[in-house]
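The block underneath contains the structure these notes are about, expressed in structure tokens.
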Protein chains: 2
Amino acid sequence: MKLEEEIKQKKFKNEYDKLAVNIIYTHGWLLNNYSSFLKQLGVTASQYNILRILRGQHPNPASINLLKERMIDKMSDASRLVERLKKKELVEREICPSDRRQVDVKITAKGLKLLQDSDNIEEQFEQLFKEIKPAEAKLLNDLLDRLRG
Amino acid sequence: MKLEEEIKQKKFKNEYDKLAVNIIYTHGWLLNNYSSFLKQLGVTASQYNILRILRGQHPNPASINLLKERMIDKMSDASRLVERLKKKELVEREICPSDRRQVDVKITAKGLKLLQDSDNIEEQFEQLFKEIKPAEAKLLNDLLDRLRG
DNA sequence: CAACATTAAATGTTATGACATATATTAGGG
DNA sequence: CCCTAATATATGTCATAACATTTAATGTTG
């Protein structure tokens, strides 16, 4: 639906003004849908992101810094995210022997299983994008990449 | 910069997969920049959004429900957002006489002044979008509107 | 009108992002 | 080797989103 109708705003000053709102609004739309899929798995979007990074490293461990660098959304609270994942037994954490300041974080078998189960959820998720064609998705990606400069 | 480099991910499965990540990432980029402008005004992005809605209603009051409906990001904690804005004396709140369940929220003179001061910040903000042309911004807007179906 | 449903806000809880500060460990310079 | 700087995490605080529950007021129905 047109953004103007969805947030009941009459008109935007210009296309740039609308774009700012549109990005925020579309992000919310996306995350809402995404989260409702993830709820079936019992993890949040941030936690899921961490698990996917850890699977990419597996069987090697990742440090908290590596997780921070690769997180999609923000350089943020990787320490506490890992702590919550550990409570759920989806990751394990131990002090790195070669540098005792670091911690080695690894995904557990239970964590890997959760990601496997998520594969069909990913398929459902991609249905979300059925409104636009692959070429249009690519166009969107290129424009967004350029927007950020 | 290309998303793949920014998050150090080799490759995406397809353009849709990248698009999901790109929207989340671009939202973060936008909000980071936006927030640093708003910090000069002493309000957060959500609080600023509420103030703008209230200015749109002024001199009429808005109910909490109206604020929720029009918030850009989420149907969320309008009650507590208003509470924080009241502490800063940017809004006032009183029980609606005709329906005592509702509250009438209005922007104060101090709140209106803050928004005036923000106008030149808005201009700085639009510099952020200088990488793309107006027609490209419109294309982006149309694609995002269609994406959400 | 009395009992119950509905509605509008407020409140409580948990996870998070943003940010500052603290702590432990390692690295580097003299 | 000792002192200080830099580094990797952890921790504390505040604002927020998401969600459930509670409270107060109004509507509805028999």
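Note on naming: chains are A, B, ... as they come in the structure tokens, residues start from 1 per chain, ligands start from 1 in the order shown.
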
Next item on the list: Would you please extract all helix (DSSP H, G or I) residues from chain A, as assigned by DSSP on the backbone, and give them as a PyMOL selection string?
Entry: chain A and resi 3-6+15-39+45-57+64-70+78-87+109-127+134-147

Can you give me chain A superposed onto chain B, least-squares on all Cα in order, written as a tab-separated table (two decimals) with N, CA and C atoms, in the first residue's frame?
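Ended up saving to selection07.tsv:
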```
chain	number	residue	atom	x	y	z
A	1	MET	N	28.66	1.82	-0.05
A	1	MET	CA	29.51	0.65	-0.27
A	1	MET	C	28.64	-0.58	-0.46
A	2	LYS	N	29.17	-1.55	-1.17
A	2	LYS	CA	28.38	-2.76	-1.35
A	2	LYS	C	28.19	-3.48	-0.02
A	3	LEU	N	26.98	-3.92	0.15
A	3	LEU	CA	26.61	-4.56	1.41
A	3	LEU	C	27.55	-5.71	1.77
A	4	GLU	N	27.91	-6.50	0.77
A	4	GLU	CA	28.76	-7.66	1.02
A	4	GLU	C	30.06	-7.26	1.72
A	5	GLU	N	30.62	-6.12	1.32
A	5	GLU	CA	31.86	-5.67	1.95
A	5	GLU	C	31.60	-5.15	3.35
A	6	GLU	N	30.48	-4.45	3.49
A	6	GLU	CA	30.24	-3.81	4.78
A	6	GLU	C	30.03	-4.82	5.90
A	7	ILE	N	29.36	-5.90	5.61
A	7	ILE	CA	29.19	-6.88	6.68
A	7	ILE	C	30.08	-8.10	6.49
A	8	LYS	N	31.03	-7.99	5.56
A	8	LYS	CA	32.01	-9.05	5.34
A	8	LYS	C	31.37	-10.41	5.08
A	9	GLN	N	30.27	-10.37	4.36
A	9	GLN	CA	29.65	-11.65	3.99
A	9	GLN	C	29.98	-11.91	2.54
A	10	LYS	N	30.40	-13.11	2.24
A	10	LYS	CA	30.87	-13.41	0.90
A	10	LYS	C	29.79	-13.17	-0.15
A	11	LYS	N	28.69	-13.86	0.03
A	11	LYS	CA	27.73	-13.86	-1.06
A	11	LYS	C	26.34	-14.15	-0.50
A	12	PHE	N	25.34	-13.66	-1.16
A	12	PHE	CA	23.99	-13.99	-0.72
A	12	PHE	C	23.41	-15.06	-1.61
A	13	LYS	N	22.45	-15.78	-1.09
A	13	LYS	CA	21.85	-16.89	-1.83
A	13	LYS	C	21.20	-16.35	-3.10
A	14	ASN	N	20.51	-15.22	-2.98
A	14	ASN	CA	19.87	-14.59	-4.14
A	14	ASN	C	19.56	-13.14	-3.79
A	15	GLU	N	18.96	-12.44	-4.73
A	15	GLU	CA	18.71	-11.01	-4.53
A	15	GLU	C	17.69	-10.76	-3.42
A	16	TYR	N	16.76	-11.66	-3.23
A	16	TYR	CA	15.77	-11.50	-2.17
A	16	TYR	C	16.43	-11.60	-0.80
A	17	ASP	N	17.31	-12.58	-0.70
A	17	ASP	CA	18.03	-12.78	0.54
A	17	ASP	C	18.83	-11.53	0.89
A	18	LYS	N	19.51	-11.00	-0.14
A	18	LYS	CA	20.29	-9.78	0.10
A	18	LYS	C	19.37	-8.61	0.45
A	19	LEU	N	18.20	-8.57	-0.18
A	19	LEU	CA	17.29	-7.45	0.05
A	19	LEU	C	16.86	-7.36	1.51
A	20	ALA	N	16.57	-8.52	2.09
A	20	ALA	CA	16.16	-8.52	3.50
A	20	ALA	C	17.26	-7.90	4.35
A	21	VAL	N	18.48	-8.35	4.14
A	21	VAL	CA	19.60	-7.81	4.92
A	21	VAL	C	19.82	-6.34	4.59
A	22	ASN	N	19.66	-6.00	3.33
A	22	ASN	CA	19.92	-4.63	2.89
A	22	ASN	C	18.95	-3.64	3.54
A	23	ILE	N	17.71	-4.02	3.67
A	23	ILE	CA	16.72	-3.14	4.29
A	23	ILE	C	17.06	-2.93	5.76
A	24	ILE	N	17.40	-4.01	6.44
A	24	ILE	CA	17.75	-3.89	7.85
A	24	ILE	C	19.00	-3.02	8.02
A	25	TYR	N	19.97	-3.28	7.16
A	25	TYR	CA	21.23	-2.56	7.27
A	25	TYR	C	21.07	-1.07	6.94
A	26	THR	N	20.30	-0.79	5.89
A	26	THR	CA	20.11	0.61	5.49
A	26	THR	C	19.30	1.37	6.55
A	27	HIS	N	18.35	0.69	7.15
A	27	HIS	CA	17.59	1.29	8.25
A	27	HIS	C	18.54	1.70	9.38
A	28	GLY	N	19.47	0.82	9.71
A	28	GLY	CA	20.43	1.12	10.76
A	28	GLY	C	21.29	2.33	10.41
A	29	TRP	N	21.72	2.34	9.17
A	29	TRP	CA	22.54	3.46	8.67
A	29	TRP	C	21.77	4.77	8.79
A	30	LEU	N	20.52	4.73	8.35
A	30	LEU	CA	19.68	5.92	8.38
A	30	LEU	C	19.46	6.41	9.80
A	31	LEU	N	19.08	5.48	10.67
A	31	LEU	CA	18.73	5.87	12.02
A	31	LEU	C	19.93	6.39	12.79
A	32	ASN	N	21.09	5.80	12.52
A	32	ASN	CA	22.31	6.29	13.15
A	32	ASN	C	22.56	7.74	12.81
A	33	ASN	N	22.45	8.06	11.54
A	33	ASN	CA	22.68	9.42	11.10
A	33	ASN	C	21.61	10.36	11.66
A	34	TYR	N	20.38	9.91	11.57
A	34	TYR	CA	19.26	10.69	12.05
A	34	TYR	C	19.42	11.00	13.53
A	35	SER	N	19.74	9.96	14.29
A	35	SER	CA	19.85	10.13	15.74
A	35	SER	C	20.92	11.12	16.12
A	36	SER	N	22.01	11.12	15.34
A	36	SER	CA	23.08	12.04	15.74
A	36	SER	C	22.66	13.49	15.49
A	37	PHE	N	21.76	13.70	14.52
A	37	PHE	CA	21.20	15.05	14.38
A	37	PHE	C	20.27	15.37	15.55
A	38	LEU	N	19.43	14.40	15.87
A	38	LEU	CA	18.44	14.65	16.91
A	38	LEU	C	19.06	14.83	18.28
A	39	LYS	N	20.23	14.24	18.47
A	39	LYS	CA	20.88	14.38	19.76
A	39	LYS	C	21.11	15.85	20.09
A	40	GLN	N	21.35	16.65	19.05
A	40	GLN	CA	21.52	18.09	19.26
A	40	GLN	C	20.27	18.71	19.87
A	41	LEU	N	19.12	18.10	19.59
A	41	LEU	CA	17.86	18.64	20.09
A	41	LEU	C	17.48	18.04	21.44
A	42	GLY	N	18.12	16.96	21.83
A	42	GLY	CA	17.81	16.34	23.09
A	42	GLY	C	16.60	15.43	23.10
A	43	VAL	N	16.18	14.97	21.90
A	43	VAL	CA	15.09	13.99	21.86
A	43	VAL	C	15.52	12.79	21.02
A	44	THR	N	14.86	11.67	21.24
A	44	THR	CA	15.14	10.48	20.45
A	44	THR	C	14.27	10.50	19.19
A	45	ALA	N	14.54	9.59	18.28
A	45	ALA	CA	13.80	9.55	17.03
A	45	ALA	C	12.30	9.32	17.27
A	46	SER	N	11.97	8.42	18.19
A	46	SER	CA	10.55	8.15	18.48
A	46	SER	C	9.87	9.38	19.08
A	47	GLN	N	10.60	10.03	19.96
A	47	GLN	CA	10.02	11.22	20.59
A	47	GLN	C	9.81	12.32	19.56
A	48	TYR	N	10.74	12.46	18.67
A	48	TYR	CA	10.63	13.45	17.60
A	48	TYR	C	9.43	13.15	16.71
A	49	ASN	N	9.23	11.89	16.41
A	49	ASN	CA	8.09	11.47	15.61
A	49	ASN	C	6.77	11.86	16.27
A	50	ILE	N	6.67	11.62	17.57
A	50	ILE	CA	5.48	12.00	18.33
A	50	ILE	C	5.25	13.51	18.27
A	51	LEU	N	6.32	14.27	18.46
A	51	LEU	CA	6.19	15.73	18.44
A	51	LEU	C	5.69	16.21	17.08
A	52	ARG	N	6.18	15.60	16.00
A	52	ARG	CA	5.72	16.03	14.68
A	52	ARG	C	4.24	15.72	14.46
A	53	ILE	N	3.80	14.60	14.96
A	53	ILE	CA	2.37	14.27	14.85
A	53	ILE	C	1.55	15.29	15.63
A	54	LEU	N	2.02	15.62	16.83
A	54	LEU	CA	1.29	16.57	17.66
A	54	LEU	C	1.25	17.96	17.02
A	55	ARG	N	2.35	18.35	16.36
A	55	ARG	CA	2.33	19.64	15.66
A	55	ARG	C	1.30	19.62	14.54
A	56	GLY	N	1.18	18.48	13.89
A	56	GLY	CA	0.19	18.35	12.82
A	56	GLY	C	-1.23	18.54	13.33
A	57	GLN	N	-1.49	18.16	14.57
A	57	GLN	CA	-2.82	18.27	15.15
A	57	GLN	C	-3.08	19.66	15.75
A	58	HIS	N	-2.00	20.30	16.14
A	58	HIS	CA	-2.08	21.55	16.89
A	58	HIS	C	-2.98	22.57	16.19
A	59	PRO	N	-3.86	23.30	16.90
A	59	PRO	CA	-3.98	23.34	18.37
A	59	PRO	C	-4.91	22.29	18.95
A	60	ASN	N	-5.34	21.34	18.14
A	60	ASN	CA	-6.18	20.28	18.71
A	60	ASN	C	-5.32	19.25	19.44
A	61	PRO	N	-5.90	18.57	20.42
A	61	PRO	CA	-5.14	17.53	21.11
A	61	PRO	C	-5.19	16.22	20.32
A	62	ALA	N	-4.32	15.31	20.69
A	62	ALA	CA	-4.36	13.96	20.11
A	62	ALA	C	-4.50	12.96	21.24
A	63	SER	N	-5.21	11.88	20.98
A	63	SER	CA	-5.29	10.81	21.98
A	63	SER	C	-4.08	9.89	21.80
A	64	ILE	N	-3.86	9.05	22.80
A	64	ILE	CA	-2.77	8.08	22.70
A	64	ILE	C	-3.00	7.17	21.50
A	65	ASN	N	-4.23	6.80	21.26
A	65	ASN	CA	-4.54	5.94	20.12
A	65	ASN	C	-4.20	6.58	18.79
A	66	LEU	N	-4.51	7.86	18.67
A	66	LEU	CA	-4.16	8.54	17.44
A	66	LEU	C	-2.65	8.53	17.23
A	67	LEU	N	-1.91	8.75	18.29
A	67	LEU	CA	-0.44	8.72	18.18
A	67	LEU	C	0.04	7.34	17.75
A	68	LYS	N	-0.54	6.31	18.37
A	68	LYS	CA	-0.15	4.94	18.01
A	68	LYS	C	-0.37	4.68	16.52
A	69	GLU	N	-1.54	5.08	16.04
A	69	GLU	CA	-1.87	4.83	14.63
A	69	GLU	C	-0.89	5.47	13.67
A	70	ARG	N	-0.41	6.64	14.03
A	70	ARG	CA	0.39	7.39	13.08
A	70	ARG	C	1.89	7.27	13.26
A	71	MET	N	2.30	6.60	14.31
A	71	MET	CA	3.74	6.47	14.50
A	71	MET	C	4.36	5.68	13.35
A	72	ILE	N	5.52	6.14	12.92
A	72	ILE	CA	6.16	5.51	11.78
A	72	ILE	C	6.57	4.08	12.07
A	73	ASP	N	7.24	3.90	13.19
A	73	ASP	CA	7.82	2.58	13.39
A	73	ASP	C	6.85	1.54	13.90
A	74	LYS	N	6.33	1.70	15.07
A	74	LYS	CA	5.53	0.61	15.57
A	74	LYS	C	4.36	1.13	16.39
A	75	MET	N	3.35	0.33	16.49
A	75	MET	CA	2.24	0.59	17.40
A	75	MET	C	2.74	0.35	18.81
A	76	SER	N	3.50	1.26	19.35
A	76	SER	CA	4.02	0.86	20.62
A	76	SER	C	3.82	1.91	21.65
A	77	ASP	N	4.73	1.92	22.52
A	77	ASP	CA	4.56	2.44	23.83
A	77	ASP	C	4.29	3.93	23.90
A	78	ALA	N	3.23	4.38	23.24
A	78	ALA	CA	2.94	5.81	23.19
A	78	ALA	C	2.74	6.38	24.59
A	79	SER	N	2.12	5.62	25.48
A	79	SER	CA	1.92	6.09	26.86
A	79	SER	C	3.23	6.56	27.48
A	80	ARG	N	4.20	5.69	27.44
A	80	ARG	CA	5.45	6.01	28.12
A	80	ARG	C	6.28	7.03	27.36
A	81	LEU	N	6.15	7.05	26.02
A	81	LEU	CA	6.83	8.10	25.26
A	81	LEU	C	6.29	9.46	25.65
A	82	VAL	N	4.96	9.56	25.76
A	82	VAL	CA	4.35	10.82	26.15
A	82	VAL	C	4.79	11.22	27.56
A	83	GLU	N	4.88	10.21	28.42
A	83	GLU	CA	5.34	10.47	29.79
A	83	GLU	C	6.72	11.12	29.79
A	84	ARG	N	7.63	10.58	28.94
A	84	ARG	CA	9.00	11.15	28.91
A	84	ARG	C	9.01	12.54	28.31
A	85	LEU	N	8.16	12.76	27.29
A	85	LEU	CA	8.09	14.09	26.69
A	85	LEU	C	7.52	15.09	27.68
A	86	LYS	N	6.61	14.62	28.53
A	86	LYS	CA	6.04	15.51	29.53
A	86	LYS	C	7.09	15.93	30.55
A	87	LYS	N	7.93	14.99	30.94
A	87	LYS	CA	9.02	15.31	31.86
A	87	LYS	C	9.90	16.41	31.29
A	88	LYS	N	10.08	16.39	29.96
A	88	LYS	CA	10.89	17.42	29.31
A	88	LYS	C	10.08	18.68	29.01
A	89	GLU	N	8.82	18.67	29.43
A	89	GLU	CA	7.92	19.82	29.22
A	89	GLU	C	7.68	20.13	27.75
A	90	LEU	N	7.77	19.12	26.91
A	90	LEU	CA	7.54	19.33	25.47
A	90	LEU	C	6.09	19.05	25.10
A	91	VAL	N	5.38	18.33	25.96
A	91	VAL	CA	3.95	18.08	25.74
A	91	VAL	C	3.21	18.24	27.06
A	92	GLU	N	1.88	18.41	26.96
A	92	GLU	CA	1.07	18.37	28.17
A	92	GLU	C	-0.06	17.37	27.97
A	93	ARG	N	-0.55	16.87	29.07
A	93	ARG	CA	-1.49	15.77	29.00
A	93	ARG	C	-2.59	16.00	30.01
A	94	GLU	N	-3.87	15.87	29.57
A	94	GLU	CA	-4.95	15.92	30.55
A	94	GLU	C	-6.07	14.99	30.13
A	95	ILE	N	-6.87	14.63	31.11
A	95	ILE	CA	-7.97	13.70	30.84
A	95	ILE	C	-8.99	14.38	29.94
A	96	CYS	N	-9.43	13.65	28.94
A	96	CYS	CA	-10.41	14.19	28.00
A	96	CYS	C	-11.76	14.31	28.69
A	97	PRO	N	-12.36	15.51	28.69
A	97	PRO	CA	-13.61	15.72	29.44
A	97	PRO	C	-14.77	14.89	28.89
A	98	SER	N	-14.81	14.73	27.58
A	98	SER	CA	-15.97	14.06	26.99
A	98	SER	C	-15.87	12.53	27.09
A	99	ASP	N	-14.68	12.00	27.26
A	99	ASP	CA	-14.51	10.56	27.47
A	99	ASP	C	-13.33	10.38	28.41
A	100	ARG	N	-13.66	10.13	29.66
A	100	ARG	CA	-12.62	10.14	30.68
A	100	ARG	C	-11.65	8.97	30.58
A	101	ARG	N	-11.88	8.05	29.62
A	101	ARG	CA	-10.87	7.01	29.40
A	101	ARG	C	-9.70	7.56	28.60
A	102	GLN	N	-9.99	8.54	27.77
A	102	GLN	CA	-8.95	9.07	26.89
A	102	GLN	C	-8.13	10.17	27.57
A	103	VAL	N	-6.97	10.42	27.00
A	103	VAL	CA	-6.19	11.58	27.43
A	103	VAL	C	-5.99	12.49	26.23
A	104	ASP	N	-6.02	13.78	26.48
A	104	ASP	CA	-5.72	14.77	25.45
A	104	ASP	C	-4.26	15.15	25.57
A	105	VAL	N	-3.50	14.87	24.51
A	105	VAL	CA	-2.08	15.22	24.53
A	105	VAL	C	-1.87	16.39	23.58
A	106	LYS	N	-1.20	17.42	24.08
A	106	LYS	CA	-0.92	18.59	23.24
A	106	LYS	C	0.54	18.97	23.32
A	107	ILE	N	1.05	19.50	22.22
A	107	ILE	CA	2.43	19.98	22.21
A	107	ILE	C	2.48	21.35	22.88
A	108	THR	N	3.53	21.60	23.65
A	108	THR	CA	3.66	22.89	24.34
A	108	THR	C	4.41	23.88	23.46
A	109	ALA	N	4.46	25.14	23.92
A	109	ALA	CA	5.22	26.16	23.20
A	109	ALA	C	6.69	25.73	23.10
A	110	LYS	N	7.18	25.16	24.17
A	110	LYS	CA	8.57	24.68	24.19
A	110	LYS	C	8.78	23.58	23.13
A	111	GLY	N	7.76	22.72	23.01
A	111	GLY	CA	7.82	21.67	22.01
A	111	GLY	C	7.82	22.23	20.60
A	112	LEU	N	6.97	23.22	20.37
A	112	LEU	CA	6.91	23.85	19.05
A	112	LEU	C	8.23	24.53	18.70
A	113	LYS	N	8.82	25.16	19.71
A	113	LYS	CA	10.10	25.83	19.47
A	113	LYS	C	11.17	24.81	19.06
A	114	LEU	N	11.16	23.68	19.75
A	114	LEU	CA	12.14	22.64	19.42
A	114	LEU	C	12.01	22.20	17.97
A	115	LEU	N	10.77	22.08	17.51
A	115	LEU	CA	10.57	21.66	16.12
A	115	LEU	C	11.04	22.74	15.15
A	116	GLN	N	10.82	24.00	15.51
A	116	GLN	CA	11.32	25.08	14.65
A	116	GLN	C	12.84	25.00	14.52
A	117	ASP	N	13.48	24.83	15.69
A	117	ASP	CA	14.94	24.73	15.66
A	117	ASP	C	15.41	23.56	14.80
A	118	SER	N	14.54	22.56	14.68
A	118	SER	CA	14.95	21.36	13.96
A	118	SER	C	14.94	21.55	12.46
A	119	ASP	N	14.32	22.63	11.99
A	119	ASP	CA	14.16	22.75	10.55
A	119	ASP	C	15.49	22.77	9.82
A	120	ASN	N	16.48	23.47	10.40
A	120	ASN	CA	17.75	23.47	9.67
A	120	ASN	C	18.49	22.15	9.82
A	121	ILE	N	18.16	21.45	10.90
A	121	ILE	CA	18.73	20.10	11.04
A	121	ILE	C	18.18	19.20	9.95
A	122	GLU	N	16.91	19.36	9.65
A	122	GLU	CA	16.31	18.59	8.57
A	122	GLU	C	17.07	18.80	7.25
A	123	GLU	N	17.48	20.05	7.04
A	123	GLU	CA	18.22	20.32	5.81
A	123	GLU	C	19.54	19.58	5.76
A	124	GLN	N	20.26	19.63	6.90
A	124	GLN	CA	21.50	18.86	6.97
A	124	GLN	C	21.21	17.40	6.67
A	125	PHE	N	20.09	16.95	7.23
A	125	PHE	CA	19.74	15.55	7.10
A	125	PHE	C	19.55	15.14	5.66
A	126	GLU	N	18.94	16.02	4.90
A	126	GLU	CA	18.68	15.66	3.50
A	126	GLU	C	19.96	15.54	2.68
A	127	GLN	N	21.04	16.12	3.19
A	127	GLN	CA	22.34	15.91	2.52
A	127	GLN	C	22.71	14.44	2.44
A	128	LEU	N	22.22	13.70	3.42
A	128	LEU	CA	22.47	12.26	3.46
A	128	LEU	C	22.10	11.58	2.16
A	129	PHE	N	21.08	12.14	1.49
A	129	PHE	CA	20.51	11.46	0.33
A	129	PHE	C	21.10	11.94	-0.97
A	130	LYS	N	22.17	12.73	-0.87
A	130	LYS	CA	22.68	13.36	-2.09
A	130	LYS	C	23.23	12.36	-3.10
A	131	GLU	N	23.45	11.11	-2.67
A	131	GLU	CA	24.02	10.13	-3.60
A	131	GLU	C	23.06	9.71	-4.69
A	132	ILE	N	21.78	9.89	-4.47
A	132	ILE	CA	20.84	9.46	-5.51
A	132	ILE	C	20.00	10.64	-5.99
A	133	LYS	N	19.56	10.55	-7.22
A	133	LYS	CA	18.79	11.63	-7.83
A	133	LYS	C	17.32	11.53	-7.41
A	134	PRO	N	16.57	12.64	-7.54
A	134	PRO	CA	15.15	12.62	-7.16
A	134	PRO	C	14.38	11.51	-7.85
A	135	ALA	N	14.65	11.31	-9.13
A	135	ALA	CA	13.92	10.26	-9.86
A	135	ALA	C	14.24	8.88	-9.29
A	136	GLU	N	15.47	8.72	-8.84
A	136	GLU	CA	15.85	7.43	-8.25
A	136	GLU	C	15.20	7.26	-6.89
A	137	ALA	N	15.08	8.35	-6.15
A	137	ALA	CA	14.39	8.29	-4.87
A	137	ALA	C	12.94	7.87	-5.08
A	138	LYS	N	12.34	8.41	-6.13
A	138	LYS	CA	10.95	8.05	-6.41
A	138	LYS	C	10.84	6.57	-6.78
A	139	LEU	N	11.81	6.11	-7.59
A	139	LEU	CA	11.83	4.70	-7.97
A	139	LEU	C	11.94	3.81	-6.73
A	140	LEU	N	12.83	4.19	-5.83
A	140	LEU	CA	12.99	3.44	-4.58
A	140	LEU	C	11.68	3.43	-3.80
A	141	ASN	N	11.05	4.58	-3.70
A	141	ASN	CA	9.79	4.66	-2.96
A	141	ASN	C	8.73	3.74	-3.58
A	142	ASP	N	8.64	3.77	-4.89
A	142	ASP	CA	7.62	2.94	-5.54
A	142	ASP	C	7.89	1.46	-5.32
A	143	LEU	N	9.16	1.09	-5.44
A	143	LEU	CA	9.50	-0.33	-5.25
A	143	LEU	C	9.22	-0.77	-3.81
A	144	LEU	N	9.55	0.08	-2.86
A	144	LEU	CA	9.31	-0.28	-1.46
A	144	LEU	C	7.81	-0.39	-1.18
A	145	ASP	N	7.04	0.56	-1.74
A	145	ASP	CA	5.58	0.50	-1.57
A	145	ASP	C	5.04	-0.81	-2.14
A	146	ARG	N	5.54	-1.18	-3.30
A	146	ARG	CA	5.05	-2.43	-3.91
A	146	ARG	C	5.52	-3.66	-3.16
A	147	LEU	N	6.74	-3.60	-2.67
A	147	LEU	CA	7.29	-4.74	-1.92
A	147	LEU	C	6.35	-5.15	-0.79
A	148	ARG	N	5.84	-4.15	-0.07
A	148	ARG	CA	4.98	-4.45	1.08
A	148	ARG	C	3.59	-4.93	0.65
A	149	GLY	N	3.32	-4.85	-0.62
A	149	GLY	CA	2.07	-5.45	-1.14
A	149	GLY	C	0.84	-4.63	-0.90
```

Next item on the list: Identify, on the basis of only C-alpha atoms (C1' of nucleotides), every residue whose closest approach to DT11 (chain D) does not exceed 10 Å; exclude the query and any residue fewer than 4 positions from it along the same chain; express the result as a list in words.
Entry: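 Everything that qualifies: Arg80 of chain A; DT21, DA22 and DT23 of chain C.
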
Next item on the list: Find the residues near DC4 (chain C): any atom within 12 Å, counting only C-alpha atoms (C1' of nucleotides), skip ones fewer than 2 places away on the same chain, and give them as a list in words.
Entry: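 The filter keeps DA2 and DT6 of chain C; DG27, DT28, DT29 and DG30 of chain D.
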
Hey, can you spit out that residue selection with N, CA and C atoms (P, O5', C5', C4', C3', O3' and C1' of nucleotides) as a JSON list (two decimals), in the first residue's frame?
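Dumped to result21.json:
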```
[["chain", "number", "residue", "atom", "x", "y", "z"],
["C", 2, "DA", "P", -28.70, -1.44, 39.91],
["C", 2, "DA", "O5'", -28.17, -2.87, 39.49],
["C", 2, "DA", "C5'", -29.03, -3.99, 39.61],
["C", 2, "DA", "C4'", -28.42, -5.15, 38.83],
["C", 2, "DA", "C3'", -26.94, -5.40, 39.13],
["C", 2, "DA", "O3'", -26.70, -6.80, 39.12],
["C", 2, "DA", "C1'", -27.20, -4.85, 36.83],
["C", 6, "DT", "P", -16.65, -8.32, 23.60],
["C", 6, "DT", "O5'", -16.34, -6.78, 23.71],
["C", 6, "DT", "C5'", -17.37, -5.84, 23.40],
["C", 6, "DT", "C4'", -16.81, -4.44, 23.52],
["C", 6, "DT", "C3'", -15.41, -4.27, 22.91],
["C", 6, "DT", "O3'", -15.48, -3.16, 22.03],
["C", 6, "DT", "C1'", -15.46, -3.41, 25.12],
["D", 27, "DG", "P", -20.20, 5.77, 25.98],
["D", 27, "DG", "O5'", -20.35, 4.45, 25.10],
["D", 27, "DG", "C5'", -19.74, 3.26, 25.55],
["D", 27, "DG", "C4'", -20.18, 2.08, 24.75],
["D", 27, "DG", "C3'", -21.62, 2.09, 24.26],
["D", 27, "DG", "O3'", -21.71, 1.19, 23.16],
["D", 27, "DG", "C1'", -21.41, 0.57, 26.07],
["D", 28, "DT", "P", -23.13, 0.87, 22.44],
["D", 28, "DT", "O5'", -23.55, -0.50, 23.12],
["D", 28, "DT", "C5'", -22.60, -1.58, 23.16],
["D", 28, "DT", "C4'", -23.27, -2.84, 23.68],
["D", 28, "DT", "C3'", -24.74, -2.97, 23.26],
["D", 28, "DT", "O3'", -24.98, -4.34, 22.97],
["D", 28, "DT", "C1'", -24.59, -3.06, 25.61],
["D", 29, "DT", "P", -26.31, -4.77, 22.15],
["D", 29, "DT", "O5'", -26.73, -6.09, 22.94],
["D", 29, "DT", "C5'", -25.83, -6.61, 23.94],
["D", 29, "DT", "C4'", -26.63, -7.36, 24.99],
["D", 29, "DT", "C3'", -28.12, -7.57, 24.64],
["D", 29, "DT", "O3'", -28.52, -8.84, 25.14],
["D", 29, "DT", "C1'", -27.96, -6.36, 26.67],
["D", 30, "DG", "P", -29.82, -9.53, 24.51],
["D", 30, "DG", "O5'", -30.55, -10.09, 25.80],
["D", 30, "DG", "C5'", -29.85, -10.90, 26.73],
["D", 30, "DG", "C4'", -30.39, -10.68, 28.13],
["D", 30, "DG", "C3'", -31.89, -10.93, 28.26],
["D", 30, "DG", "O3'", -32.14, -11.65, 29.46],
["D", 30, "DG", "C1'", -31.37, -8.75, 29.03]]
```

Check: What are the residues of chain D that have an atom within 8 Å of an atom of chain A, counting only C-alpha atoms (C1' of nucleotides), as number ranges by chain?
Finding: D: 8-10

Which chain C residues have any atom within 12 Å of an atom of chain A, and for each, what is the nearest pair of atoms with distance in Å to one decimal, counting only C-alpha atoms (C1' of nucleotides), rows sorted by chain and number, as a Markdown table?
```
| residue | atom | partner | partner_atom | distance |
| --- | --- | --- | --- | --- |
| C:DT14 | C1' | A:Arg84 | CA | 11.3 |
| C:DA15 | C1' | A:Thr44 | CA | 8.3 |
| C:DT16 | C1' | A:Asp77 | CA | 8.0 |
| C:DG17 | C1' | A:Ser76 | CA | 6.5 |
| C:DA18 | C1' | A:Ser76 | CA | 7.9 |
| C:DC19 | C1' | A:Ser76 | CA | 10.1 |
| C:DT23 | C1' | A:Arg101 | CA | 10.5 |
| C:DA24 | C1' | A:Arg101 | CA | 6.9 |
| C:DT25 | C1' | A:Arg101 | CA | 5.3 |
| C:DT26 | C1' | A:Asp99 | CA | 7.7 |
| C:DA27 | C1' | A:Asp99 | CA | 11.8 |
```

Margin query: as a ChimeraX atom specification, please: every residue in chain A that DSSP puts in strand (DSSP E or B).
Written below: /A:62,91-95,103-107

Next item on the list: For C1' of DT21 (chain D) and C1' of DT11 (chain C), determine how far apart the two atoms are, in Å to one decimal place.
Entry: 8.2 Å
